[in-house]
>>> print(open('model_32.txt').read())   # compact mmCIF, C-alpha atoms
# COMPACT_ATOMS: atom_id res chain seq x y z
CA MET A 1 0.00 0.00 0.00
CA ASN A 2 1.44 3.37 -0.88
CA GLY A 3 1.67 6.19 1.65
CA SER A 4 -1.15 8.39 0.36
CA LYS A 5 -3.62 5.51 0.09
CA GLU A 6 -2.78 4.41 3.60
CA LYS A 7 -3.22 7.97 4.86
CA ALA A 8 -6.60 8.24 3.12
CA GLN A 9 -7.76 4.99 4.73
CA THR A 10 -6.61 6.17 8.15
CA SER A 11 -8.43 9.45 7.69
CA GLN A 12 -11.61 7.63 6.69
CA GLY A 13 -11.26 5.29 9.65
CA ASP A 14 -10.82 8.22 12.04
CA PHE A 15 -13.89 9.96 10.74
CA GLU A 16 -15.88 6.73 10.85
CA ARG A 17 -15.10 6.59 14.55
CA VAL A 18 -16.25 10.20 14.93
CA VAL A 19 -19.53 9.27 13.24
CA PHE A 20 -19.89 6.15 15.40
CA GLU A 21 -19.39 8.18 18.57
CA ALA A 22 -21.87 10.80 17.42
CA MET A 23 -24.45 8.05 16.80
CA GLN A 24 -23.73 6.63 20.23
CA GLN A 25 -24.24 10.00 21.89
CA GLY A 26 -27.41 10.55 19.91
CA GLY A 27 -28.80 7.22 21.11
CA TRP A 28 -28.68 5.64 17.65
CA ILE A 29 -26.64 2.79 19.09
CA LEU A 30 -27.91 1.12 22.26
CA PRO A 31 -25.69 1.41 25.37
CA GLN A 32 -23.79 -1.86 25.85
CA THR A 33 -21.06 -1.12 28.35
CA VAL A 34 -21.15 0.01 31.96
CA GLU A 35 -19.85 3.44 31.01
CA GLU A 36 -22.39 3.88 28.20
CA VAL A 37 -25.17 2.86 30.59
CA ARG A 38 -23.93 5.39 33.16
CA ARG A 39 -24.14 8.18 30.57
CA ALA A 40 -27.58 7.05 29.42
CA GLU A 41 -28.80 6.97 33.02
CA GLU A 42 -27.57 10.54 33.54
CA GLU A 43 -29.48 11.70 30.49
CA LEU A 44 -32.61 9.83 31.55
CA ALA A 45 -32.45 11.33 35.03
CA ALA A 46 -32.68 14.75 33.43
CA ASN A 47 -35.51 13.69 31.08
CA PRO A 48 -37.51 10.91 32.74
CA VAL A 49 -39.91 8.92 30.55
CA GLN A 50 -43.05 7.07 31.71
CA LEU A 51 -43.65 3.53 30.55
CA PRO A 52 -46.51 3.37 28.03
CA PRO A 53 -49.65 1.45 29.14
CA GLY A 54 -48.67 -1.51 26.95
CA LEU A 55 -45.53 -2.06 29.05
CA ALA A 56 -46.94 -1.27 32.48
CA ASP A 57 -47.66 -4.84 33.59
CA PRO A 58 -44.72 -7.30 33.69
CA TYR A 59 -47.03 -10.34 33.90
CA ALA A 60 -48.95 -9.25 30.82
CA MET A 61 -45.61 -8.85 29.03
CA LEU A 62 -44.66 -12.42 29.99
CA ASP A 63 -48.01 -13.90 28.95
CA GLN A 64 -48.45 -12.19 25.62
CA PRO A 65 -47.24 -13.88 22.42
CA HIS A 66 -44.01 -12.77 20.81
CA ARG A 67 -44.18 -9.47 19.00
CA ARG A 68 -42.73 -8.72 15.61
CA ILE A 69 -40.31 -5.83 16.13
CA ARG A 70 -41.56 -3.14 13.80
CA LEU A 71 -38.22 -1.51 13.09
CA GLY A 72 -37.25 0.07 9.80
CA GLY A 73 -40.55 1.39 8.53
CA GLN A 74 -38.76 3.71 6.14
CA LEU A 75 -37.13 0.93 4.20
CA GLU A 76 -40.10 0.38 1.94
CA VAL A 77 -39.79 3.95 0.75
CA GLY A 78 -36.13 3.29 0.12
CA ARG A 79 -36.89 0.28 -2.00
CA ASP A 80 -39.14 2.36 -4.24
CA SER A 81 -36.48 5.04 -4.40
CA ILE A 82 -33.96 2.52 -5.64
CA LEU A 83 -36.33 1.40 -8.35
CA GLU A 84 -36.78 4.97 -9.44
CA GLU A 85 -33.05 5.56 -9.38
CA ASN A 86 -32.41 2.45 -11.48
CA LEU A 87 -35.05 3.50 -13.96
CA ALA A 88 -33.67 7.03 -14.17
CA GLN A 89 -30.15 5.72 -14.67
CA ALA A 90 -31.29 3.38 -17.46
CA ALA A 91 -33.10 6.29 -19.12
CA ARG A 92 -30.07 8.55 -18.82
CA GLU A 93 -27.82 5.97 -20.37
CA GLY A 94 -30.31 5.37 -23.16
CA GLU A 95 -30.46 1.68 -22.46
CA GLY A 96 -33.50 -0.51 -22.26
CA ILE A 97 -34.17 -2.31 -18.98
CA PRO A 98 -33.16 -5.96 -19.28
CA PRO A 99 -36.09 -8.42 -18.94
CA GLU A 100 -34.63 -10.06 -15.84
CA VAL A 101 -34.36 -6.67 -14.12
CA LYS A 102 -37.96 -5.84 -15.09
CA GLU A 103 -39.08 -9.18 -13.68
CA GLN A 104 -37.19 -8.58 -10.42
CA MET A 105 -38.74 -5.11 -10.16
CA ARG A 106 -42.20 -6.58 -10.67
CA LYS A 107 -41.56 -9.16 -7.93
CA ASP A 108 -40.21 -6.51 -5.55
CA ARG A 109 -43.24 -4.31 -6.16
CA GLU A 110 -45.61 -7.22 -5.53
CA ALA A 111 -43.75 -8.18 -2.37
CA ALA A 112 -43.90 -4.61 -1.10
CA GLU A 113 -47.62 -4.41 -1.84
CA ASN A 114 -48.25 -7.73 -0.13
CA GLU A 115 -46.34 -6.56 2.94
CA LYS A 116 -48.40 -3.39 3.08
CA ASP A 117 -51.61 -5.38 2.72
CA GLY A 118 -50.47 -7.93 5.31
CA MET B 1 -30.81 -13.01 49.02
CA SER B 2 -34.21 -13.42 50.67
CA GLU B 3 -35.44 -16.79 51.88
CA THR B 4 -38.17 -17.00 49.28
CA LYS B 5 -35.56 -17.89 46.68
CA SER B 6 -34.86 -21.35 48.02
CA THR B 7 -38.46 -22.15 48.90
CA PRO B 8 -40.70 -23.56 46.20
CA ALA B 9 -43.71 -21.27 46.09
CA SER B 10 -47.30 -22.26 45.66
CA SER B 11 -49.41 -20.11 43.39
CA SER B 12 -51.24 -18.64 46.37
CA GLU B 13 -48.06 -17.64 48.15
CA LYS B 14 -46.88 -14.07 47.75
CA ILE B 15 -43.28 -14.07 46.57
CA ASP B 16 -41.30 -10.99 47.52
CA LEU B 17 -37.97 -10.66 45.70
CA THR B 18 -37.54 -6.92 46.15
CA GLU B 19 -34.53 -7.43 48.41
CA ASP B 20 -32.71 -9.76 46.03
CA SER B 21 -29.88 -8.56 43.82
CA ASP B 22 -30.12 -8.44 40.05
CA TYR B 23 -27.60 -11.27 39.80
CA ASP B 24 -29.77 -13.41 42.09
CA LEU B 25 -32.89 -12.63 40.07
CA LEU B 26 -31.15 -13.75 36.90
CA GLU B 27 -30.10 -16.97 38.56
CA MET B 28 -33.66 -17.61 39.78
CA MET B 29 -34.93 -17.12 36.25
CA THR B 30 -33.02 -20.24 35.22
CA TRP B 31 -35.22 -22.28 37.58
CA LYS B 32 -38.19 -22.32 35.23
CA GLU B 33 -38.40 -26.11 35.30
CA SER B 34 -37.95 -26.67 39.01
CA ASP B 35 -39.60 -23.56 40.39
CA PRO B 36 -41.64 -21.75 37.75
CA ASP B 37 -43.39 -19.37 40.17
CA VAL B 38 -40.11 -18.03 41.52
CA ALA B 39 -38.62 -17.80 38.02
CA ARG B 40 -41.62 -15.85 36.81
CA GLU B 41 -41.61 -13.51 39.78
CA ALA B 42 -37.85 -12.97 39.37
CA CYS B 43 -38.44 -11.88 35.79
CA ALA B 44 -41.26 -9.57 36.85
CA GLU B 45 -39.03 -7.99 39.48
CA LEU B 46 -36.16 -7.56 37.01
CA TYR B 47 -38.62 -5.97 34.61
CA ARG B 48 -39.90 -3.54 37.25
CA ARG B 49 -36.32 -2.44 37.93
CA HIS B 50 -35.09 -2.05 34.38
CA ALA B 51 -37.97 -1.54 31.93
CA LYS B 52 -38.13 2.13 32.86
CA TYR B 53 -34.50 2.38 31.73
CA LEU B 54 -34.67 0.13 28.68
CA PHE B 55 -37.79 1.60 27.13
CA PRO B 56 -36.46 5.19 26.87
CA VAL B 57 -33.13 4.08 25.38
CA CYS B 58 -35.00 1.88 22.88
CA ARG B 59 -37.28 4.82 22.14
CA ASN B 60 -34.27 7.01 21.43
CA TYR B 61 -32.83 4.31 19.22
CA ALA B 62 -36.07 3.68 17.31
CA ARG B 63 -36.70 7.33 16.52
CA GLY B 64 -37.28 7.41 12.78
CA LEU B 65 -37.18 3.60 12.59
CA GLY B 66 -40.64 2.75 13.81
CA GLY B 67 -40.93 5.10 16.78
CA ASP B 68 -42.64 4.24 20.05
CA GLU B 69 -44.29 1.10 18.70
CA ALA B 70 -40.91 -0.33 17.73
CA ALA B 71 -39.47 0.72 21.09
CA GLU B 72 -42.29 -1.11 22.91
CA ASP B 73 -41.73 -4.21 20.79
CA LEU B 74 -38.00 -4.12 21.44
CA THR B 75 -38.35 -3.62 25.19
CA SER B 76 -40.91 -6.38 25.54
CA GLU B 77 -39.03 -8.85 23.35
CA THR B 78 -35.77 -8.21 25.20
CA PHE B 79 -37.31 -9.24 28.52
CA LYS B 80 -39.13 -12.18 26.99
CA HIS B 81 -35.85 -13.37 25.51
CA VAL B 82 -34.15 -13.03 28.89
CA TYR B 83 -36.93 -15.03 30.54
CA GLU B 84 -37.13 -17.77 27.95
CA LYS B 85 -33.44 -18.42 27.33
CA GLY B 86 -31.21 -15.42 27.93
CA ALA B 87 -30.84 -15.68 31.69
CA SER B 88 -28.87 -18.92 31.41
CA THR B 89 -26.24 -17.16 29.29
CA PHE B 90 -25.69 -14.34 31.75
CA LYS B 91 -22.31 -14.31 33.44
CA PRO B 92 -22.36 -12.50 36.77
CA GLY B 93 -19.38 -10.23 37.29
CA SER B 94 -17.54 -9.59 40.52
CA ALA B 95 -19.34 -6.33 41.18
CA SER B 96 -20.78 -5.97 44.67
CA ASP B 97 -21.48 -2.27 44.34
CA PRO B 98 -25.22 -2.02 43.51
CA ASP B 99 -24.75 0.78 40.96
CA ARG B 100 -22.13 -1.18 39.08
CA MET B 101 -24.18 -4.38 39.20
CA ARG B 102 -27.23 -2.54 37.90
CA ARG B 103 -25.23 -1.05 35.03
CA HIS B 104 -23.72 -4.41 34.20
CA VAL B 105 -27.18 -5.95 33.89
CA ARG B 106 -28.39 -2.97 31.87
CA ALA B 107 -25.36 -3.24 29.55
CA TRP B 108 -26.27 -6.89 29.00
CA LEU B 109 -29.93 -6.03 28.36
CA GLY B 110 -28.70 -3.38 25.93
CA ARG B 111 -26.62 -5.98 24.15
CA ILE B 112 -29.64 -8.26 23.77
CA ALA B 113 -31.82 -5.39 22.55
CA HIS B 114 -29.05 -4.38 20.13
CA ASN B 115 -28.88 -7.87 18.65
CA LEU B 116 -32.67 -8.16 18.47
CA ALA B 117 -32.82 -4.79 16.71
CA CYS B 118 -30.06 -5.66 14.23
CA ASN B 119 -31.73 -8.96 13.43
CA ALA B 120 -35.19 -7.42 13.14
CA TYR B 121 -33.75 -4.81 10.82
CA ARG B 122 -32.42 -7.62 8.70
CA GLY B 123 -35.40 -9.95 9.07
CA ARG B 124 -33.54 -12.52 11.15
CA THR B 125 -34.16 -14.28 14.43
CA LEU B 126 -31.91 -13.89 17.43
CA GLN B 127 -28.99 -16.18 18.12
CA GLU B 128 -27.76 -16.87 21.62
CA ILE B 129 -26.02 -13.87 23.15
CA ARG B 130 -23.12 -13.96 25.52
CA LEU B 131 -21.51 -10.85 26.90
CA GLU B 132 -18.00 -11.41 28.15
CA GLN B 133 -16.63 -9.24 30.90
CA ASP B 134 -14.19 -7.41 28.60
CA GLN B 135 -17.13 -6.42 26.42
CA TRP B 136 -19.24 -4.80 29.09
CA ASP B 137 -16.42 -3.55 31.24
CA ASN B 138 -14.14 -1.87 28.69
CA VAL B 139 -14.42 1.51 30.35
CA ALA B 140 -10.78 2.38 29.80
CA GLU B 141 -11.22 2.24 26.06
CA GLN B 142 -14.25 4.46 26.01
CA GLU B 143 -13.86 7.77 24.29
CA ARG B 144 -16.46 10.24 23.28
CA LEU B 145 -16.88 13.45 21.42
CA GLU B 146 -16.14 16.03 24.08
CA ASP B 147 -18.45 18.46 22.41
CA SER B 148 -21.93 16.96 22.30
CA GLU B 149 -23.06 19.91 20.19
CA SER B 150 -20.68 18.63 17.48
CA SER B 151 -22.36 15.22 17.68
CA LEU B 152 -25.78 16.72 17.23
CA ARG B 153 -24.58 18.75 14.27
CA LEU B 154 -23.14 15.65 12.69
CA LEU B 155 -26.38 13.70 13.14
CA ARG B 156 -28.38 16.59 11.71
CA LEU B 157 -26.03 16.69 8.72
CA MET B 158 -26.68 13.00 8.14
CA GLU B 159 -30.33 13.88 7.65
CA GLN B 160 -29.54 16.83 5.42
CA VAL B 161 -26.75 15.71 3.10
CA LEU B 162 -27.10 11.93 2.81
CA THR B 163 -29.62 9.99 0.80
CA GLU B 164 -31.86 7.56 2.62
CA ARG B 165 -29.80 4.65 1.29
CA GLU B 166 -26.54 6.22 2.48
CA ARG B 167 -28.00 6.93 5.91
CA HIS B 168 -29.33 3.42 6.22
CA ILE B 169 -26.06 1.80 5.20
CA LEU B 170 -24.05 4.02 7.57
CA ARG B 171 -26.44 3.37 10.41
CA VAL B 172 -26.50 -0.39 9.92
CA THR B 173 -22.73 -0.66 9.51
CA ALA B 174 -22.22 1.46 12.64
CA GLN B 175 -24.07 -1.21 14.65
CA TYR B 176 -21.16 -3.55 13.88
CA TYR B 177 -18.37 -1.03 14.39
CA ASP B 178 -15.77 -2.15 16.89
CA ARG B 179 -13.44 0.60 18.04
CA ARG B 180 -10.85 -2.01 18.98
CA LYS B 181 -10.93 -3.35 15.42
CA PRO B 182 -12.02 -0.36 13.32
CA ASN B 183 -11.03 -1.98 10.03
CA ARG B 184 -13.00 -5.15 10.66
CA ASN B 185 -15.18 -6.13 7.72
CA LEU B 186 -18.95 -6.33 8.05
CA PRO B 187 -20.21 -9.89 8.63
CA ASP B 188 -21.10 -11.58 5.35
CA GLU B 189 -24.74 -12.08 6.33
CA VAL B 190 -25.13 -8.35 6.99
CA LEU B 191 -23.66 -7.55 3.59
CA GLU B 192 -26.03 -10.06 2.02
CA ASP B 193 -29.07 -8.60 3.75
CA LEU B 194 -28.12 -5.03 2.90
CA GLY B 195 -27.41 -6.04 -0.68
CA ARG B 196 -30.77 -7.75 -0.96
CA GLN B 197 -32.65 -4.84 0.60
CA TRP B 198 -31.15 -2.29 -1.73
CA GLY B 199 -30.53 -4.45 -4.79
CA ILE B 200 -26.79 -3.81 -4.81
CA THR B 201 -23.56 -5.78 -4.57
CA HIS B 202 -21.25 -6.09 -1.57
CA GLU B 203 -18.72 -3.89 -3.35
CA ASN B 204 -21.43 -1.26 -3.94
CA ILE B 205 -22.18 -1.23 -0.22
CA ARG B 206 -18.53 -0.57 0.56
CA GLN B 207 -18.36 2.22 -2.02
CA ILE B 208 -21.61 3.81 -0.85
CA LYS B 209 -20.32 3.79 2.71
CA ILE B 210 -17.03 5.43 1.71
CA ARG B 211 -18.83 8.03 -0.37
CA ALA B 212 -21.30 8.77 2.41
CA LEU B 213 -18.51 9.23 4.96
CA LYS B 214 -16.68 11.56 2.57
CA LYS B 215 -19.81 13.64 1.91
CA LEU B 216 -20.50 13.85 5.59
CA GLU B 217 -16.93 14.76 6.48
CA GLU B 218 -16.86 17.56 3.91
CA ALA B 219 -20.21 18.95 5.05
CA PHE B 220 -19.12 18.72 8.68
CA ALA B 221 -15.86 20.52 7.94
CA MET B 222 -17.78 23.30 6.18
CA GLU B 223 -20.00 23.69 9.22
CA MET B 224 -17.03 23.75 11.52
CA GLY B 225 -15.41 26.37 9.31
CA GLY B 226 -12.44 24.58 7.78
CA PRO B 227 -11.28 22.01 5.23
CA ALA B 228 -12.27 18.37 5.62
CA THR B 229 -9.02 17.44 7.33
CA GLN B 230 -10.00 19.67 10.24
CA ALA B 231 -13.25 17.81 10.86
CA GLN B 232 -11.51 15.30 13.05
CA GLY B 233 -10.04 18.12 15.09
CA ALA B 234 -13.55 18.89 16.26
CA ARG B 235 -13.44 15.90 18.54
>>> encode(input="model_32.txt", output="structure tokens")
Amino acid sequence: MNGSKEKAQTSQGDFERVVFEAMQQGGWILPQTVEEVRRAEEELAANPVQLPPGLADPYAMLDQPHRRIRLGGQLEVGRDSILEENLAQAAREGEGIPPEVKEQMRKDREAAENEKDG
Amino acid sequence: MSETKSTPASSSEKIDLTEDSDYDLLEMMTWKESDPDVAREACAELYRRHAKYLFPVCRNYARGLGGDEAAEDLTSETFKHVYEKGASTFKPGSASDPDRMRRHVRAWLGRIAHNLACNAYRGRTLQEIRLEQDQWDNVAEQERLEDSESSLRLLRLMEQVLTERERHILRVTAQYYDRRKPNRNLPDEVLEDLGRQWGITHENIRQIKIRALKKLEEAFAMEMGGPATQAQGAR
């Protein structure tokens, strides 16, 4: 590896750590060490949050069936965005969309619609 | 530990575990076969102590990713996992100080919630989780942005300058970032799931991540009033 490439990688790695730490401070990464928990507890002490009614009873929590964790609701929008981006790129490059890509897009669209319906 | 722990309880008997330590409660939760009433009450007591911590941190985490509903799901599923199988994988530390013990247990709960969230994000089920002492206790290695205002600016910039795909890829890859091994590659299954979600190759994911970091670094440097190389000096 030459010197400049190595330096560029180091710089990227340093900034990645900066981004990681910012996400941690912003709560985008769950606290997983004693020190991270201590900081989170300090912040919560300043801004206490009540448990919602659905979490108030520990026995009800134990007795209820498993929940599907509804994380990532925005991803469906992203999937459509990618389709649009692919279409736009194909149009810009003046190329037709290959049949297999069209077929995959159709399947993705159907899957997304089924998920919404479900 | 109170005497109720070693006494099999009938369903009509009131079990009081409020004086027992978190480590003891987790041990009692492994008695589901031999003493289900005590195991159940131990889980309820652990829940009463820690749900009011776990829910807000999950809520913070789930902001923009499903909101309060997702935070409720994550909190509930974390405790259910602990009750059903997680407690047997817990390794008590040597902490006798109650604050430290509480934070150890909360770090472990956070680790379970983190893994549940990552897997839910990727449509997977949870594998067994073990948290070794050097993972929860690595205080000496902890660093943070001294200026929390800089952190907030950086997070706001992520919303402003990155596309949704870039944000998602950065956020998912950050869940696997290890500051002790910053150059560690993403696990193959994560690359596969991301690739499938966005219809791109593993190499594309790497390139998108690099490009996103570069865009973010440049925008951050502009905000901080200098060239990109100074962005890291903001720490």
>>> closest_residue(input="model_32.txt", among="A:Gln64, A:Thr33, A:Gln50, A:Gln24", to="Arg111 in chain B", atoms="all atoms listed in the file")
A:Thr33
>>> atom_distance(input="model_32.txt", atom1="CA of Phe90 in chain B", atom2="CA of Leu186 in chain B")
25.9 Å
>>> closest_residue(input="model_32.txt", among="A:Val19, A:Ala56, A:Gln32, A:Leu44", to="chain B", atoms="all atoms listed in the file")
A:Gln32
>>> interface_residues(input="model_32.txt", of="chain A", to="chain B", cutoff="9 Å", atoms="all atoms listed in the file", output="VMD selection string")
chain A and resid 11 to 38 40 to 41 44 48 to 52 54 to 59 61 to 62 66 to 75 77 to 79 81 to 83
>>> residues_near_point(input="model_32.txt", point="(-28.5, -20.0, 29.2)", cutoff="10 Å", atoms="all atoms listed in the file", output="mmCIF file with C-alpha atoms, keeping the file's coordinate frame")
data_model
loop_
_atom_site.group_PDB
_atom_site.id
_atom_site.type_symbol
_atom_site.label_atom_id
_atom_site.label_comp_id
_atom_site.auth_asym_id
_atom_site.auth_seq_id
_atom_site.Cartn_x
_atom_site.Cartn_y
_atom_site.Cartn_z
ATOM 1 C CA GLU B 27 -30.100 -16.970 38.560
ATOM 2 C CA MET B 29 -34.930 -17.120 36.250
ATOM 3 C CA THR B 30 -33.020 -20.240 35.220
ATOM 4 C CA VAL B 82 -34.150 -13.030 28.890
ATOM 5 C CA TYR B 83 -36.930 -15.030 30.540
ATOM 6 C CA GLU B 84 -37.130 -17.770 27.950
ATOM 7 C CA LYS B 85 -33.440 -18.420 27.330
ATOM 8 C CA GLY B 86 -31.210 -15.420 27.930
ATOM 9 C CA ALA B 87 -30.840 -15.680 31.690
ATOM 10 C CA SER B 88 -28.870 -18.920 31.410
ATOM 11 C CA THR B 89 -26.240 -17.160 29.290
ATOM 12 C CA PHE B 90 -25.690 -14.340 31.750
ATOM 13 C CA LYS B 91 -22.310 -14.310 33.440
ATOM 14 C CA GLU B 128 -27.760 -16.870 21.620
ATOM 15 C CA ILE B 129 -26.020 -13.870 23.150
ATOM 16 C CA ARG B 130 -23.120 -13.960 25.520
#
>>> atom_distance(input="model_32.txt", atom1="CA of Arg180 in chain B", atom2="CA of Arg39 in chain A")
20.4 Å
>>> atom_distance(input="model_32.txt", atom1="CA of Met224 in chain B", atom2="CA of Glu43 in chain A")
25.7 Å
>>> build_atoms(input="model_32.txt", residues="range 20-45 of chain A", atoms="N, CA and C atoms", output="PDB file, keeping the file's coordinate frame")
ATOM      1  N   PHE A  20     -19.411   7.172  14.466  1.00  0.00           N
ATOM      2  CA  PHE A  20     -19.890   6.150  15.400  1.00  0.00           C
ATOM      3  C   PHE A  20     -20.164   6.765  16.771  1.00  0.00           C
ATOM      4  N   GLU A  21     -19.222   7.580  17.247  1.00  0.00           N
ATOM      5  CA  GLU A  21     -19.390   8.180  18.570  1.00  0.00           C
ATOM      6  C   GLU A  21     -20.552   9.167  18.610  1.00  0.00           C
ATOM      7  N   ALA A  22     -20.729   9.882  17.489  1.00  0.00           N
ATOM      8  CA  ALA A  22     -21.870  10.800  17.420  1.00  0.00           C
ATOM      9  C   ALA A  22     -23.182  10.020  17.488  1.00  0.00           C
ATOM     10  N   MET A  23     -23.241   8.886  16.766  1.00  0.00           N
ATOM     11  CA  MET A  23     -24.450   8.050  16.800  1.00  0.00           C
ATOM     12  C   MET A  23     -24.694   7.520  18.206  1.00  0.00           C
ATOM     13  N   GLN A  24     -23.605   7.146  18.862  1.00  0.00           N
ATOM     14  CA  GLN A  24     -23.730   6.630  20.230  1.00  0.00           C
ATOM     15  C   GLN A  24     -24.307   7.709  21.152  1.00  0.00           C
ATOM     16  N   GLN A  25     -23.751   8.904  21.034  1.00  0.00           N
ATOM     17  CA  GLN A  25     -24.240  10.000  21.890  1.00  0.00           C
ATOM     18  C   GLN A  25     -25.676  10.354  21.576  1.00  0.00           C
ATOM     19  N   GLY A  26     -26.041  10.224  20.308  1.00  0.00           N
ATOM     20  CA  GLY A  26     -27.410  10.550  19.910  1.00  0.00           C
ATOM     21  C   GLY A  26     -28.394   9.441  20.224  1.00  0.00           C
ATOM     22  N   GLY A  27     -27.907   8.327  20.756  1.00  0.00           N
ATOM     23  CA  GLY A  27     -28.800   7.220  21.110  1.00  0.00           C
ATOM     24  C   GLY A  27     -29.113   6.312  19.930  1.00  0.00           C
ATOM     25  N   TRP A  28     -28.402   6.470  18.824  1.00  0.00           N
ATOM     26  CA  TRP A  28     -28.680   5.640  17.650  1.00  0.00           C
ATOM     27  C   TRP A  28     -28.052   4.259  17.782  1.00  0.00           C
ATOM     28  N   ILE A  29     -27.219   4.106  18.794  1.00  0.00           N
ATOM     29  CA  ILE A  29     -26.640   2.790  19.090  1.00  0.00           C
ATOM     30  C   ILE A  29     -26.928   2.534  20.574  1.00  0.00           C
ATOM     31  N   LEU A  30     -27.481   1.379  20.875  1.00  0.00           N
ATOM     32  CA  LEU A  30     -27.910   1.120  22.260  1.00  0.00           C
ATOM     33  C   LEU A  30     -26.702   0.980  23.186  1.00  0.00           C
ATOM     34  N   PRO A  31     -26.794   1.512  24.411  1.00  0.00           N
ATOM     35  CA  PRO A  31     -25.690   1.410  25.370  1.00  0.00           C
ATOM     36  C   PRO A  31     -25.405  -0.051  25.726  1.00  0.00           C
ATOM     37  N   GLN A  32     -24.133  -0.454  25.613  1.00  0.00           N
ATOM     38  CA  GLN A  32     -23.790  -1.860  25.850  1.00  0.00           C
ATOM     39  C   GLN A  32     -22.586  -2.057  26.762  1.00  0.00           C
ATOM     40  N   THR A  33     -22.112  -0.977  27.351  1.00  0.00           N
ATOM     41  CA  THR A  33     -21.060  -1.120  28.350  1.00  0.00           C
ATOM     42  C   THR A  33     -21.491  -0.353  29.599  1.00  0.00           C
ATOM     43  N   VAL A  34     -20.808  -0.646  30.698  1.00  0.00           N
ATOM     44  CA  VAL A  34     -21.150   0.010  31.960  1.00  0.00           C
ATOM     45  C   VAL A  34     -21.076   1.527  31.822  1.00  0.00           C
ATOM     46  N   GLU A  35     -20.035   2.002  31.147  1.00  0.00           N
ATOM     47  CA  GLU A  35     -19.850   3.440  31.010  1.00  0.00           C
ATOM     48  C   GLU A  35     -20.957   4.057  30.135  1.00  0.00           C
ATOM     49  N   GLU A  36     -21.313   3.375  29.070  1.00  0.00           N
ATOM     50  CA  GLU A  36     -22.390   3.880  28.200  1.00  0.00           C
ATOM     51  C   GLU A  36     -23.714   3.912  28.961  1.00  0.00           C
ATOM     52  N   VAL A  37     -23.935   2.889  29.786  1.00  0.00           N
ATOM     53  CA  VAL A  37     -25.170   2.860  30.590  1.00  0.00           C
ATOM     54  C   VAL A  37     -25.171   4.027  31.580  1.00  0.00           C
ATOM     55  N   ARG A  38     -24.006   4.281  32.191  1.00  0.00           N
ATOM     56  CA  ARG A  38     -23.930   5.390  33.160  1.00  0.00           C
ATOM     57  C   ARG A  38     -24.327   6.713  32.495  1.00  0.00           C
ATOM     58  N   ARG A  39     -23.811   6.939  31.279  1.00  0.00           N
ATOM     59  CA  ARG A  39     -24.140   8.180  30.570  1.00  0.00           C
ATOM     60  C   ARG A  39     -25.636   8.233  30.230  1.00  0.00           C
ATOM     61  N   ALA A  40     -26.155   7.080  29.772  1.00  0.00           N
ATOM     62  CA  ALA A  40     -27.580   7.050  29.420  1.00  0.00           C
ATOM     63  C   ALA A  40     -28.440   7.315  30.654  1.00  0.00           C
ATOM     64  N   GLU A  41     -28.038   6.748  31.790  1.00  0.00           N
ATOM     65  CA  GLU A  41     -28.800   6.970  33.020  1.00  0.00           C
ATOM     66  C   GLU A  41     -28.790   8.452  33.411  1.00  0.00           C
ATOM     67  N   GLU A  42     -27.646   9.101  33.224  1.00  0.00           N
ATOM     68  CA  GLU A  42     -27.570  10.540  33.540  1.00  0.00           C
ATOM     69  C   GLU A  42     -28.550  11.321  32.688  1.00  0.00           C
ATOM     70  N   GLU A  43     -28.575  10.973  31.393  1.00  0.00           N
ATOM     71  CA  GLU A  43     -29.480  11.700  30.490  1.00  0.00           C
ATOM     72  C   GLU A  43     -30.939  11.421  30.844  1.00  0.00           C
ATOM     73  N   LEU A  44     -31.225  10.175  31.209  1.00  0.00           N
ATOM     74  CA  LEU A  44     -32.610   9.830  31.550  1.00  0.00           C
ATOM     75  C   LEU A  44     -33.054  10.502  32.851  1.00  0.00           C
ATOM     76  N   ALA A  45     -32.102  10.681  33.761  1.00  0.00           N
ATOM     77  CA  ALA A  45     -32.450  11.330  35.030  1.00  0.00           C
ATOM     78  C   ALA A  45     -32.910  12.765  34.769  1.00  0.00           C
TER      79      ALA A  45
END
